[in-house]
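Peer 1: Here you go, this is upload_33.cif (mmCIF, C-alpha atoms).
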```cif
data_input
loop_
_atom_site.label_atom_id
_atom_site.label_comp_id
_atom_site.auth_asym_id
_atom_site.auth_seq_id
_atom_site.Cartn_x
_atom_site.Cartn_y
_atom_site.Cartn_z
CA MET A 1 1.96 -26.93 -23.73
CA GLU A 2 1.68 -24.20 -26.36
CA GLU A 3 3.83 -21.11 -26.10
CA LYS A 4 0.72 -18.95 -25.86
CA ASP A 5 -0.48 -21.01 -22.89
CA ILE A 6 2.83 -20.62 -21.10
CA HIS A 7 2.74 -16.87 -21.64
CA SER A 8 -0.76 -16.61 -20.26
CA GLU A 9 0.22 -18.85 -17.33
CA LEU A 10 3.21 -16.66 -16.51
CA ALA A 11 1.12 -13.51 -16.88
CA SER A 12 -1.54 -14.85 -14.53
CA ILE A 13 1.11 -15.81 -11.95
CA ARG A 14 2.62 -12.34 -12.13
CA SER A 15 -0.75 -10.63 -11.81
CA LEU A 16 -1.73 -12.81 -8.86
CA MET A 17 1.55 -12.16 -7.04
CA GLU A 18 1.03 -8.44 -7.51
CA ARG A 19 -2.67 -8.37 -6.62
CA SER A 20 -2.16 -10.49 -3.53
CA SER A 21 0.68 -8.39 -2.14
CA ARG A 22 -0.30 -4.84 -3.12
CA PHE A 23 -3.52 -2.90 -2.64
CA LEU A 24 -4.09 -1.44 -6.10
CA SER A 25 -7.43 0.27 -5.61
CA LEU A 26 -5.94 3.30 -3.90
CA SER A 27 -7.81 6.22 -5.38
CA GLY A 28 -5.79 8.94 -7.13
CA LEU A 29 -8.76 11.27 -6.94
CA SER A 30 -8.62 11.21 -3.15
CA GLY A 31 -5.08 12.62 -3.41
CA VAL A 32 -6.42 15.55 -5.42
CA MET A 33 -9.20 16.09 -2.86
CA ALA A 34 -6.70 15.99 0.04
CA GLY A 35 -4.64 18.60 -1.79
CA ILE A 36 -7.65 20.86 -2.21
CA TYR A 37 -8.59 20.52 1.48
CA ALA A 38 -5.01 21.36 2.44
CA LEU A 39 -4.91 24.45 0.21
CA ILE A 40 -8.24 25.70 1.59
CA GLY A 41 -6.95 25.04 5.11
CA ALA A 42 -3.66 26.80 4.43
CA PHE A 43 -5.57 29.74 2.99
CA ILE A 44 -7.74 30.03 6.10
CA GLY A 45 -4.62 29.61 8.25
CA TYR A 46 -2.87 32.34 6.33
CA GLY A 47 -5.92 34.55 6.88
CA ILE A 48 -5.69 34.02 10.63
CA VAL A 49 -1.98 34.76 10.68
CA LYS A 50 -2.23 37.81 8.42
CA GLU A 51 -5.04 39.36 10.41
CA LYS A 52 -2.66 39.77 13.30
CA TYR A 53 0.75 40.15 11.73
CA ILE A 54 0.53 41.05 8.02
CA SER A 55 3.23 38.56 7.12
CA LEU A 56 3.22 35.27 5.29
CA THR A 57 5.88 33.74 7.44
CA ILE A 58 5.40 32.23 10.86
CA SER A 59 7.91 33.53 13.36
CA ASP A 60 8.61 33.45 17.06
CA SER A 61 6.93 36.81 17.35
CA TYR A 62 3.57 35.02 17.69
CA LEU A 63 4.74 33.23 20.77
CA ASP A 64 2.81 35.73 22.83
CA ASN A 65 -0.32 34.56 21.07
CA PRO A 66 -0.73 30.78 21.39
CA LEU A 67 -4.35 31.10 20.23
CA ILE A 68 -3.09 31.31 16.64
CA TYR A 69 -1.38 27.96 17.01
CA HIS A 70 -4.48 26.43 18.54
CA GLN A 71 -6.49 27.55 15.54
CA LEU A 72 -3.86 26.33 13.06
CA LEU A 73 -3.69 22.94 14.75
CA LEU A 74 -7.47 22.62 14.72
CA ILE A 75 -7.53 23.36 10.98
CA ALA A 76 -4.74 20.85 10.33
CA GLY A 77 -6.61 18.21 12.35
CA ILE A 78 -9.82 18.75 10.38
CA ILE A 79 -7.91 18.51 7.07
CA LEU A 80 -6.27 15.27 8.19
CA LEU A 81 -9.61 13.71 9.17
CA LEU A 82 -11.35 14.80 5.96
CA SER A 83 -8.46 13.53 3.84
CA ILE A 84 -8.37 10.11 5.51
CA LEU A 85 -12.16 9.77 5.21
CA THR A 86 -12.11 10.75 1.53
CA CYS A 87 -9.27 8.33 0.83
CA LEU A 88 -11.10 5.45 2.55
CA ILE A 89 -14.44 6.14 0.86
CA LEU A 90 -13.02 6.58 -2.64
CA SER A 91 -10.66 3.60 -2.37
CA ILE A 92 -13.44 1.33 -1.12
CA ARG A 93 -15.59 2.51 -4.02
CA GLU A 94 -12.73 1.82 -6.45
CA ALA A 95 -12.26 -1.70 -5.05
CA LYS A 96 -15.99 -2.41 -5.31
CA LYS A 97 -15.99 -1.19 -8.90
CA LYS A 98 -13.30 -3.79 -9.68
CA GLY A 99 -15.32 -6.42 -7.82
CA GLU A 100 -12.59 -6.89 -5.23
CA ASN A 101 -12.92 -7.40 -1.54
CA TYR A 102 -11.41 -4.24 0.00
CA TRP A 103 -10.89 -5.82 3.41
CA ASN A 104 -8.11 -8.35 2.79
CA PRO A 105 -4.65 -9.16 4.20
CA VAL A 106 -2.99 -6.52 1.98
CA SER A 107 -5.30 -3.66 2.87
CA LYS A 108 -4.79 -4.51 6.56
CA ARG A 109 -1.01 -4.46 6.12
CA LEU A 110 -1.29 -1.19 4.19
CA ILE A 111 -3.28 0.47 6.97
CA ILE A 112 -0.94 -0.76 9.73
CA SER A 113 2.22 0.27 7.90
CA THR A 114 0.78 3.73 7.20
CA ALA A 115 -0.59 4.20 10.69
CA ILE A 116 2.61 3.51 12.66
CA PRO A 117 4.69 6.49 11.41
CA LEU A 118 1.56 8.64 11.16
CA PHE A 119 0.59 8.07 14.81
CA THR A 120 4.17 8.52 15.98
CA GLY A 121 4.24 11.86 14.14
CA GLY A 122 0.85 12.84 15.49
CA LEU A 123 1.94 12.18 19.08
CA LEU A 124 5.21 14.07 18.54
CA ILE A 125 3.27 17.04 17.18
CA ILE A 126 0.98 17.03 20.22
CA ILE A 127 4.05 16.91 22.49
CA LEU A 128 5.71 19.79 20.57
CA PHE A 129 2.46 21.67 20.92
CA LEU A 130 2.22 21.10 24.67
CA LYS A 131 5.83 22.22 25.10
CA ALA A 132 5.12 25.33 22.99
CA GLU A 133 7.83 24.32 20.48
CA TYR A 134 5.72 25.61 17.61
CA SER A 135 8.50 26.23 15.13
CA LEU A 136 9.05 22.53 14.35
CA ILE A 137 5.40 21.51 13.93
CA ALA A 138 5.11 22.10 10.17
CA SER A 139 8.37 20.25 9.65
CA ALA A 140 7.25 17.29 11.79
CA CYS A 141 3.94 17.04 9.87
CA LEU A 142 5.78 16.81 6.54
CA ILE A 143 8.55 14.46 7.67
CA PHE A 144 6.33 11.92 9.42
CA TYR A 145 3.76 12.00 6.64
CA GLY A 146 6.58 11.36 4.14
CA LEU A 147 7.82 8.42 6.23
CA SER A 148 4.34 6.93 6.42
CA LEU A 149 4.00 7.19 2.63
CA ILE A 150 7.31 5.38 2.10
CA SER A 151 6.22 2.71 4.54
CA ALA A 152 2.84 2.43 2.77
CA SER A 153 4.44 2.13 -0.67
CA GLN A 154 5.46 -1.48 0.11
CA TYR A 155 1.80 -2.48 0.02
CA THR A 156 0.41 -0.30 -2.77
CA PHE A 157 1.64 1.45 -5.93
CA SER A 158 5.38 1.88 -5.46
CA ASP A 159 5.10 5.39 -6.98
CA VAL A 160 3.77 6.51 -3.60
CA LYS A 161 7.32 6.46 -2.22
CA TRP A 162 8.35 9.36 -4.49
CA LEU A 163 5.65 11.54 -2.96
CA GLY A 164 7.06 10.43 0.41
CA PHE A 165 10.62 11.48 -0.48
CA CYS A 166 9.35 14.90 -1.65
CA GLN A 167 7.43 15.43 1.61
CA ILE A 168 10.47 14.49 3.70
CA THR A 169 12.65 16.93 1.73
CA LEU A 170 10.13 19.72 2.27
CA GLY A 171 9.95 18.79 5.96
CA LEU A 172 13.71 19.08 6.35
CA LEU A 173 13.64 22.45 4.56
CA ALA A 174 10.90 23.54 6.95
CA ALA A 175 13.12 22.57 9.89
CA LEU A 176 15.95 24.59 8.35
CA SER A 177 13.80 27.70 7.97
CA PRO A 178 10.79 27.42 10.28
CA GLU A 179 9.53 30.84 9.18
CA SER A 180 8.59 29.32 5.80
CA GLY A 181 6.75 26.46 7.52
CA LEU A 182 3.27 27.45 6.40
CA ILE A 183 4.27 27.89 2.74
CA LEU A 184 6.19 24.61 2.64
CA TRP A 185 3.30 22.88 4.40
CA ALA A 186 0.82 24.23 1.84
CA PHE A 187 3.13 23.20 -1.01
CA GLY A 188 3.65 19.67 0.33
CA PHE A 189 0.13 18.84 1.42
CA GLY A 190 -1.64 20.97 -1.19
CA VAL A 191 0.22 21.32 -4.47
CA LEU A 192 2.15 18.01 -4.38
CA HIS A 193 -1.00 16.07 -3.49
CA ILE A 194 -2.90 17.55 -6.42
CA ILE A 195 -0.05 16.81 -8.86
CA TYR A 196 0.43 13.30 -7.49
CA GLY A 197 -3.29 12.51 -7.39
CA THR A 198 -3.79 13.66 -10.98
CA VAL A 199 -0.86 11.56 -12.24
CA MET A 200 -2.06 8.47 -10.36
CA HIS A 201 -5.64 8.93 -11.49
CA PHE A 202 -4.70 8.93 -15.16
CA LYS A 203 -2.00 6.28 -14.79
CA TYR A 204 -4.01 3.67 -12.85
CA ASN A 205 -7.65 4.49 -12.25
CA ARG A 206 -8.70 5.27 -15.81
CA MET B 207 13.62 -30.19 -24.58
CA LYS B 208 13.50 -33.40 -22.60
CA LYS B 209 15.46 -31.94 -19.74
CA SER B 210 13.11 -29.02 -19.29
CA LEU B 211 10.12 -31.33 -19.27
CA GLU B 212 11.70 -33.31 -16.47
CA GLN B 213 11.91 -30.11 -14.45
CA PHE B 214 8.17 -29.70 -14.71
CA ASN B 215 6.58 -30.30 -11.43
CA LYS B 216 3.55 -32.57 -11.40
CA VAL B 217 2.21 -30.80 -8.32
CA PHE B 218 1.91 -27.58 -10.32
CA GLU B 219 0.09 -29.11 -13.26
CA ASN B 220 -3.09 -27.96 -11.64
CA ARG B 221 -3.73 -24.27 -12.18
CA ILE B 222 -5.23 -23.60 -8.76
CA ARG B 223 -2.22 -25.12 -6.98
CA LEU B 224 0.08 -22.94 -9.03
CA GLN B 225 -2.05 -19.91 -8.16
CA ILE B 226 -1.98 -20.74 -4.46
CA MET B 227 1.81 -20.97 -4.60
CA SER B 228 2.04 -17.63 -6.45
CA VAL B 229 0.13 -15.92 -3.66
CA LEU B 230 2.09 -17.59 -0.85
CA VAL B 231 5.47 -16.85 -2.44
CA ALA B 232 4.57 -13.14 -2.69
CA ASN B 233 3.33 -12.88 0.90
CA GLU B 234 4.57 -13.73 4.35
CA ASN B 235 1.36 -15.67 4.96
CA TYR B 236 -2.24 -15.79 3.76
CA ASP B 237 -5.43 -17.06 5.37
CA PHE B 238 -7.96 -19.49 3.94
CA ASN B 239 -10.84 -17.07 3.40
CA SER B 240 -8.71 -14.41 1.74
CA LEU B 241 -7.27 -17.04 -0.60
CA LYS B 242 -10.79 -18.15 -1.42
CA ASP B 243 -11.84 -14.57 -2.25
CA LEU B 244 -8.76 -13.92 -4.33
CA LEU B 245 -8.85 -17.13 -6.39
CA GLU B 246 -12.66 -17.26 -6.61
CA VAL B 247 -12.89 -20.97 -5.83
CA THR B 248 -15.18 -23.00 -3.58
CA ASP B 249 -14.26 -24.06 -0.03
CA GLY B 250 -13.96 -27.73 -0.90
CA ASN B 251 -11.93 -27.16 -4.03
CA LEU B 252 -9.45 -24.88 -2.26
CA ALA B 253 -9.19 -27.18 0.75
CA SER B 254 -8.35 -30.23 -1.36
CA HIS B 255 -5.59 -28.40 -3.25
CA LEU B 256 -4.17 -26.98 -0.04
CA LYS B 257 -4.17 -30.49 1.40
CA ALA B 258 -2.21 -31.74 -1.62
CA LEU B 259 0.38 -28.97 -1.25
CA GLU B 260 0.61 -29.67 2.48
CA LYS B 261 1.22 -33.36 1.81
CA GLU B 262 4.12 -32.46 -0.48
CA LYS B 263 5.46 -30.26 2.40
CA TYR B 264 5.32 -27.26 0.04
CA ILE B 265 3.29 -25.22 2.50
CA LEU B 266 3.07 -24.94 6.26
CA VAL B 267 -0.28 -24.71 7.99
CA ASN B 268 -0.93 -22.78 11.17
CA LYS B 269 -4.38 -23.22 12.66
CA THR B 270 -5.53 -20.71 15.24
CA PHE B 271 -8.80 -19.26 16.41
CA ILE B 272 -10.00 -15.67 16.43
CA GLY B 273 -12.69 -15.82 19.07
CA ARG B 274 -14.57 -18.93 18.01
CA LYS B 275 -13.87 -18.66 14.30
CA PRO B 276 -11.09 -20.82 12.93
CA ASN B 277 -8.34 -18.83 11.26
CA THR B 278 -5.98 -20.95 9.21
CA GLN B 279 -2.82 -19.31 7.94
CA TYR B 280 -0.67 -20.77 5.18
CA THR B 281 3.03 -20.12 4.66
CA VAL B 282 5.27 -21.36 1.87
CA SER B 283 8.08 -23.72 2.97
CA ALA B 284 11.67 -23.53 1.72
CA LYS B 285 11.00 -26.66 -0.32
CA GLY B 286 7.87 -25.13 -1.82
CA ARG B 287 9.65 -21.91 -2.71
CA SER B 288 12.48 -23.65 -4.52
CA GLY B 289 10.03 -25.98 -6.26
CA PHE B 290 7.98 -23.02 -7.45
CA ILE B 291 11.05 -21.15 -8.73
CA LYS B 292 12.27 -24.27 -10.57
CA HIS B 293 8.87 -24.63 -12.16
CA LEU B 294 8.92 -21.02 -13.37
CA GLU B 295 12.43 -21.51 -14.76
CA ALA B 296 11.22 -24.59 -16.60
CA LEU B 297 8.37 -22.57 -18.12
CA GLU B 298 10.79 -19.84 -19.20
CA ASN B 299 13.21 -22.37 -20.70
CA LEU B 300 10.39 -23.88 -22.66
CA ILE B 301 9.60 -20.49 -24.20
CA LYS B 302 13.27 -19.94 -25.04
CA GLN B 303 13.53 -23.33 -26.70
CA GLN B 304 10.40 -22.80 -28.73
CA LYS B 305 11.76 -19.47 -29.92
CA LYS B 306 14.89 -21.22 -31.20
CA LEU B 307 12.92 -23.75 -33.25
#
```
Give the structure from this file in structure tokens form.

Peer 2:
Amino acid sequence: MEEKDIHSELASIRSLMERSSRFLSLSGLSGVMAGIYALIGAFIGYGIVKEKYISLTISDSYLDNPLIYHQLLLIAGIILLLSILTCLILSIREAKKKGENYWNPVSKRLIISTAIPLFTGGLLIIILFLKAEYSLIASACLIFYGLSLISASQYTFSDVKWLGFCQITLGLLAALSPESGLILWAFGFGVLHIIYGTVMHFKYNR
Amino acid sequence: MKKSLEQFNKVFENRIRLQIMSVLVANENYDFNSLKDLLEVTDGNLASHLKALEKEKYILVNKTFIGRKPNTQYTVSAKGRSGFIKHLEALENLIKQQKKL
């Protein structure tokens, strides 16, 4: 066997091991879109809060007005749905462009490993909401989203875990100072997503 | 040189068998249809190579059904894993030796 052959053999083994165990068609662009949705949402949310209280920070003083929280939760829910849809559509398109089957054992594992922490977080947020513990909601969103990213990173680009660590850090900061929840939320879901999505797009998709 | 050639595994001389092992080593398990998609081979071709690996006890086969459709999952055995790693080491040694020459 020629040395060149061995090199190409080893390279093909490596590529196959990677392709079979990681979903590499995750779209970076969908991260940018999710960030834009989140910033628009945060802006609308800020508008709702400001209208009543003329302050950027969320505090216990709105406890007398649960309607604000209902509206904020509705906005967050819409952003989440739009982001997931965008991510699915763009990633499926990316996989098709590469001529890959997007529904394979790895993409299934990726979805399951992302969904478990995400659903746990979602249920916790609903419980916090029902118990009127509003101050920890922004923190819970960030922490559980961060955990689901770290869990997902086993089955896709491992860079995803760094975004996860950043979200968890922001979430803990939000728990420390709940009055900055909205700003930290907007930074985590908006700004970080746009930065991350842009980096991933140029690193992998182009 | 001779020693490293002895380490070469006849089972892995075939490219598709080596590819199947690469996938199974990197994953807990893999099913027939997904392997077929990934390696872009025909049913019969894949089945015969899987059979050969099964005969060598390099892979374990688990046949189940999802509804009425057969769903066959393949897992690498301990023997298969060590055989695969030895084969990779042999390939690497070969490169090292050729560099020395």

Peer 1: Can you tell me, as a PDB file with C-alpha atoms, in the frame of the given file, what residues are no more than 6 Å from region 79-92 of chain A when counting only C-alpha atoms, ignoring any on the same chain fewer than 3 positions away?

Peer 2:
```
ATOM      1  CA  SER A  25      -7.430   0.270  -5.610  1.00  0.00           C
ATOM      2  CA  LEU A  26      -5.940   3.300  -3.900  1.00  0.00           C
ATOM      3  CA  SER A  27      -7.810   6.220  -5.380  1.00  0.00           C
ATOM      4  CA  SER A  30      -8.620  11.210  -3.150  1.00  0.00           C
ATOM      5  CA  ALA A  34      -6.700  15.990   0.040  1.00  0.00           C
ATOM      6  CA  TYR A  37      -8.590  20.520   1.480  1.00  0.00           C
ATOM      7  CA  ALA A  76      -4.740  20.850  10.330  1.00  0.00           C
ATOM      8  CA  ALA A  95     -12.260  -1.700  -5.050  1.00  0.00           C
TER       9      ALA A  95
END
```

Peer 1: Can you work out which one of B:Ile222, B:Ala232, B:Val217, B:Ala258 has the shortest atom-to-atom distance to chain A, counting only C-alpha atoms?

Peer 2: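 Once distances to chain A are computed over only C-alpha atoms, the minimum belongs to B:Ala232.
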
Peer 1: Which residues match the PyMOL selection byres ((chain A) within 12 of (chain B)) in the file above, as a ChimeraX atom specification?

Peer 2: /A:1-22,99-109,154-155

Peer 1: What is the distance between CA of Lys257 (chain B) and CA of Lys216 (chain B), in Å to one decimal?

Peer 2: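 These two atoms are separated by 15.1 Å.
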
Peer 1: Tell me which residues the PyMOL selection byres ((chain A and resi 187) around 12) grabs here, as a PyMOL selection string.

Peer 2: chain A and resi 35-36+38-43+138+142+166-167+169-171+173-174+180-186+188-195

Peer 1: Hey, can you spit out that residue selection with C-alpha atoms as a short mmCIF file (atom, residue, chain, number, x, y, z; two decimals), in the frame of the given file?

Peer 2:
```cif
data_model
loop_
_atom_site.label_atom_id
_atom_site.label_comp_id
_atom_site.auth_asym_id
_atom_site.auth_seq_id
_atom_site.Cartn_x
_atom_site.Cartn_y
_atom_site.Cartn_z
CA GLY A 35 -4.64 18.60 -1.79
CA ILE A 36 -7.65 20.86 -2.21
CA ALA A 38 -5.01 21.36 2.44
CA LEU A 39 -4.91 24.45 0.21
CA ILE A 40 -8.24 25.70 1.59
CA GLY A 41 -6.95 25.04 5.11
CA ALA A 42 -3.66 26.80 4.43
CA PHE A 43 -5.57 29.74 2.99
CA ALA A 138 5.11 22.10 10.17
CA LEU A 142 5.78 16.81 6.54
CA CYS A 166 9.35 14.90 -1.65
CA GLN A 167 7.43 15.43 1.61
CA THR A 169 12.65 16.93 1.73
CA LEU A 170 10.13 19.72 2.27
CA GLY A 171 9.95 18.79 5.96
CA LEU A 173 13.64 22.45 4.56
CA ALA A 174 10.90 23.54 6.95
CA SER A 180 8.59 29.32 5.80
CA GLY A 181 6.75 26.46 7.52
CA LEU A 182 3.27 27.45 6.40
CA ILE A 183 4.27 27.89 2.74
CA LEU A 184 6.19 24.61 2.64
CA TRP A 185 3.30 22.88 4.40
CA ALA A 186 0.82 24.23 1.84
CA GLY A 188 3.65 19.67 0.33
CA PHE A 189 0.13 18.84 1.42
CA GLY A 190 -1.64 20.97 -1.19
CA VAL A 191 0.22 21.32 -4.47
CA LEU A 192 2.15 18.01 -4.38
CA HIS A 193 -1.00 16.07 -3.49
CA ILE A 194 -2.90 17.55 -6.42
CA ILE A 195 -0.05 16.81 -8.86
#
```

Peer 1: What residues come out when you apply the PyMOL selection byres ((chain B and resi 287) around 9) to this file, written as a PyMOL selection string?

Peer 2: chain B and resi 227+230-231+264-265+282-286+288-292

Peer 1: Ranking A:Ile111, A:Ala140, A:Leu29, A:Leu163 by minimum distance to Leu124 (chain A) and counting only C-alpha atoms, which one comes first?

Peer 2: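 Residue with the minimum atom-to-atom distance to Leu124 (chain A): A:Ala140.
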
Peer 1: For region 177-202 of chain A, which lacks atoms in the input, supply N, CA, C and O atoms and format the output as a short mmCIF file (atom, residue, chain, number, x, y, z; two decimals), in the frame of the given file.

Peer 2:
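Printed below is rebuild_27.cif as written:
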```cif
data_model
loop_
_atom_site.label_atom_id
_atom_site.label_comp_id
_atom_site.auth_asym_id
_atom_site.auth_seq_id
_atom_site.Cartn_x
_atom_site.Cartn_y
_atom_site.Cartn_z
N SER A 177 14.30 26.32 7.88
CA SER A 177 13.80 27.70 7.97
C SER A 177 12.34 27.68 8.41
O SER A 177 11.43 27.70 7.59
N PRO A 178 12.14 27.57 9.73
CA PRO A 178 10.79 27.42 10.28
C PRO A 178 9.85 28.56 9.88
O PRO A 178 8.64 28.38 9.84
N GLU A 179 10.41 29.72 9.53
CA GLU A 179 9.53 30.84 9.18
C GLU A 179 8.79 30.58 7.87
O GLU A 179 7.73 31.16 7.63
N SER A 180 9.31 29.65 7.03
CA SER A 180 8.59 29.32 5.80
C SER A 180 7.69 28.10 5.98
O SER A 180 7.19 27.54 5.01
N GLY A 181 7.50 27.69 7.23
CA GLY A 181 6.75 26.46 7.52
C GLY A 181 5.40 26.39 6.84
O GLY A 181 5.07 25.40 6.21
N LEU A 182 4.63 27.47 6.94
CA LEU A 182 3.27 27.45 6.40
C LEU A 182 3.27 27.29 4.87
O LEU A 182 2.48 26.53 4.32
N ILE A 183 4.21 27.98 4.21
CA ILE A 183 4.27 27.89 2.74
C ILE A 183 4.69 26.48 2.32
O ILE A 183 4.08 25.88 1.43
N LEU A 184 5.72 25.95 2.99
CA LEU A 184 6.19 24.61 2.64
C LEU A 184 5.11 23.58 2.93
O LEU A 184 4.90 22.64 2.18
N TRP A 185 4.40 23.78 4.03
CA TRP A 185 3.30 22.88 4.40
C TRP A 185 2.23 22.90 3.31
O TRP A 185 1.78 21.85 2.85
N ALA A 186 1.85 24.10 2.87
CA ALA A 186 0.82 24.23 1.84
C ALA A 186 1.30 23.62 0.52
O ALA A 186 0.54 22.96 -0.19
N PHE A 187 2.60 23.77 0.23
CA PHE A 187 3.13 23.20 -1.01
C PHE A 187 3.11 21.67 -0.94
O PHE A 187 2.64 21.01 -1.86
N GLY A 188 3.58 21.12 0.18
CA GLY A 188 3.65 19.67 0.33
C GLY A 188 2.28 19.02 0.35
O GLY A 188 1.98 18.11 -0.42
N PHE A 189 1.43 19.48 1.27
CA PHE A 189 0.13 18.84 1.42
C PHE A 189 -0.87 19.27 0.35
O PHE A 189 -1.77 18.52 0.00
N GLY A 190 -0.71 20.48 -0.18
CA GLY A 190 -1.64 20.97 -1.19
C GLY A 190 -1.20 20.65 -2.61
O GLY A 190 -1.72 19.74 -3.24
N VAL A 191 -0.19 21.41 -3.06
CA VAL A 191 0.22 21.32 -4.47
C VAL A 191 0.70 19.91 -4.85
O VAL A 191 0.24 19.33 -5.83
N LEU A 192 1.61 19.34 -4.04
CA LEU A 192 2.15 18.01 -4.38
C LEU A 192 1.06 16.95 -4.44
O LEU A 192 1.06 16.09 -5.31
N HIS A 193 0.09 17.04 -3.49
CA HIS A 193 -1.00 16.07 -3.49
C HIS A 193 -1.82 16.15 -4.78
O HIS A 193 -2.23 15.13 -5.33
N ILE A 194 -2.08 17.37 -5.22
CA ILE A 194 -2.90 17.55 -6.42
C ILE A 194 -2.15 17.00 -7.64
O ILE A 194 -2.72 16.26 -8.45
N ILE A 195 -0.84 17.33 -7.74
CA ILE A 195 -0.05 16.81 -8.86
C ILE A 195 -0.03 15.29 -8.82
O ILE A 195 -0.33 14.60 -9.79
N TYR A 196 0.32 14.75 -7.64
CA TYR A 196 0.43 13.30 -7.49
C TYR A 196 -0.89 12.60 -7.78
O TYR A 196 -0.94 11.62 -8.53
N GLY A 197 -1.98 13.13 -7.21
CA GLY A 197 -3.29 12.51 -7.39
C GLY A 197 -3.71 12.49 -8.85
O GLY A 197 -4.27 11.50 -9.34
N THR A 198 -3.43 13.59 -9.56
CA THR A 198 -3.79 13.66 -10.98
C THR A 198 -3.01 12.62 -11.78
O THR A 198 -3.58 11.88 -12.59
N VAL A 199 -1.69 12.54 -11.52
CA VAL A 199 -0.86 11.56 -12.24
C VAL A 199 -1.37 10.15 -11.98
O VAL A 199 -1.56 9.36 -12.91
N MET A 200 -1.62 9.82 -10.71
CA MET A 200 -2.06 8.47 -10.36
C MET A 200 -3.42 8.15 -10.96
O MET A 200 -3.66 7.03 -11.41
N HIS A 201 -4.30 9.15 -10.96
CA HIS A 201 -5.64 8.93 -11.49
C HIS A 201 -5.57 8.51 -12.96
O HIS A 201 -6.21 7.57 -13.38
N PHE A 202 -4.77 9.25 -13.72
CA PHE A 202 -4.70 8.93 -15.16
C PHE A 202 -3.85 7.70 -15.44
O PHE A 202 -4.07 7.01 -16.42
#
```
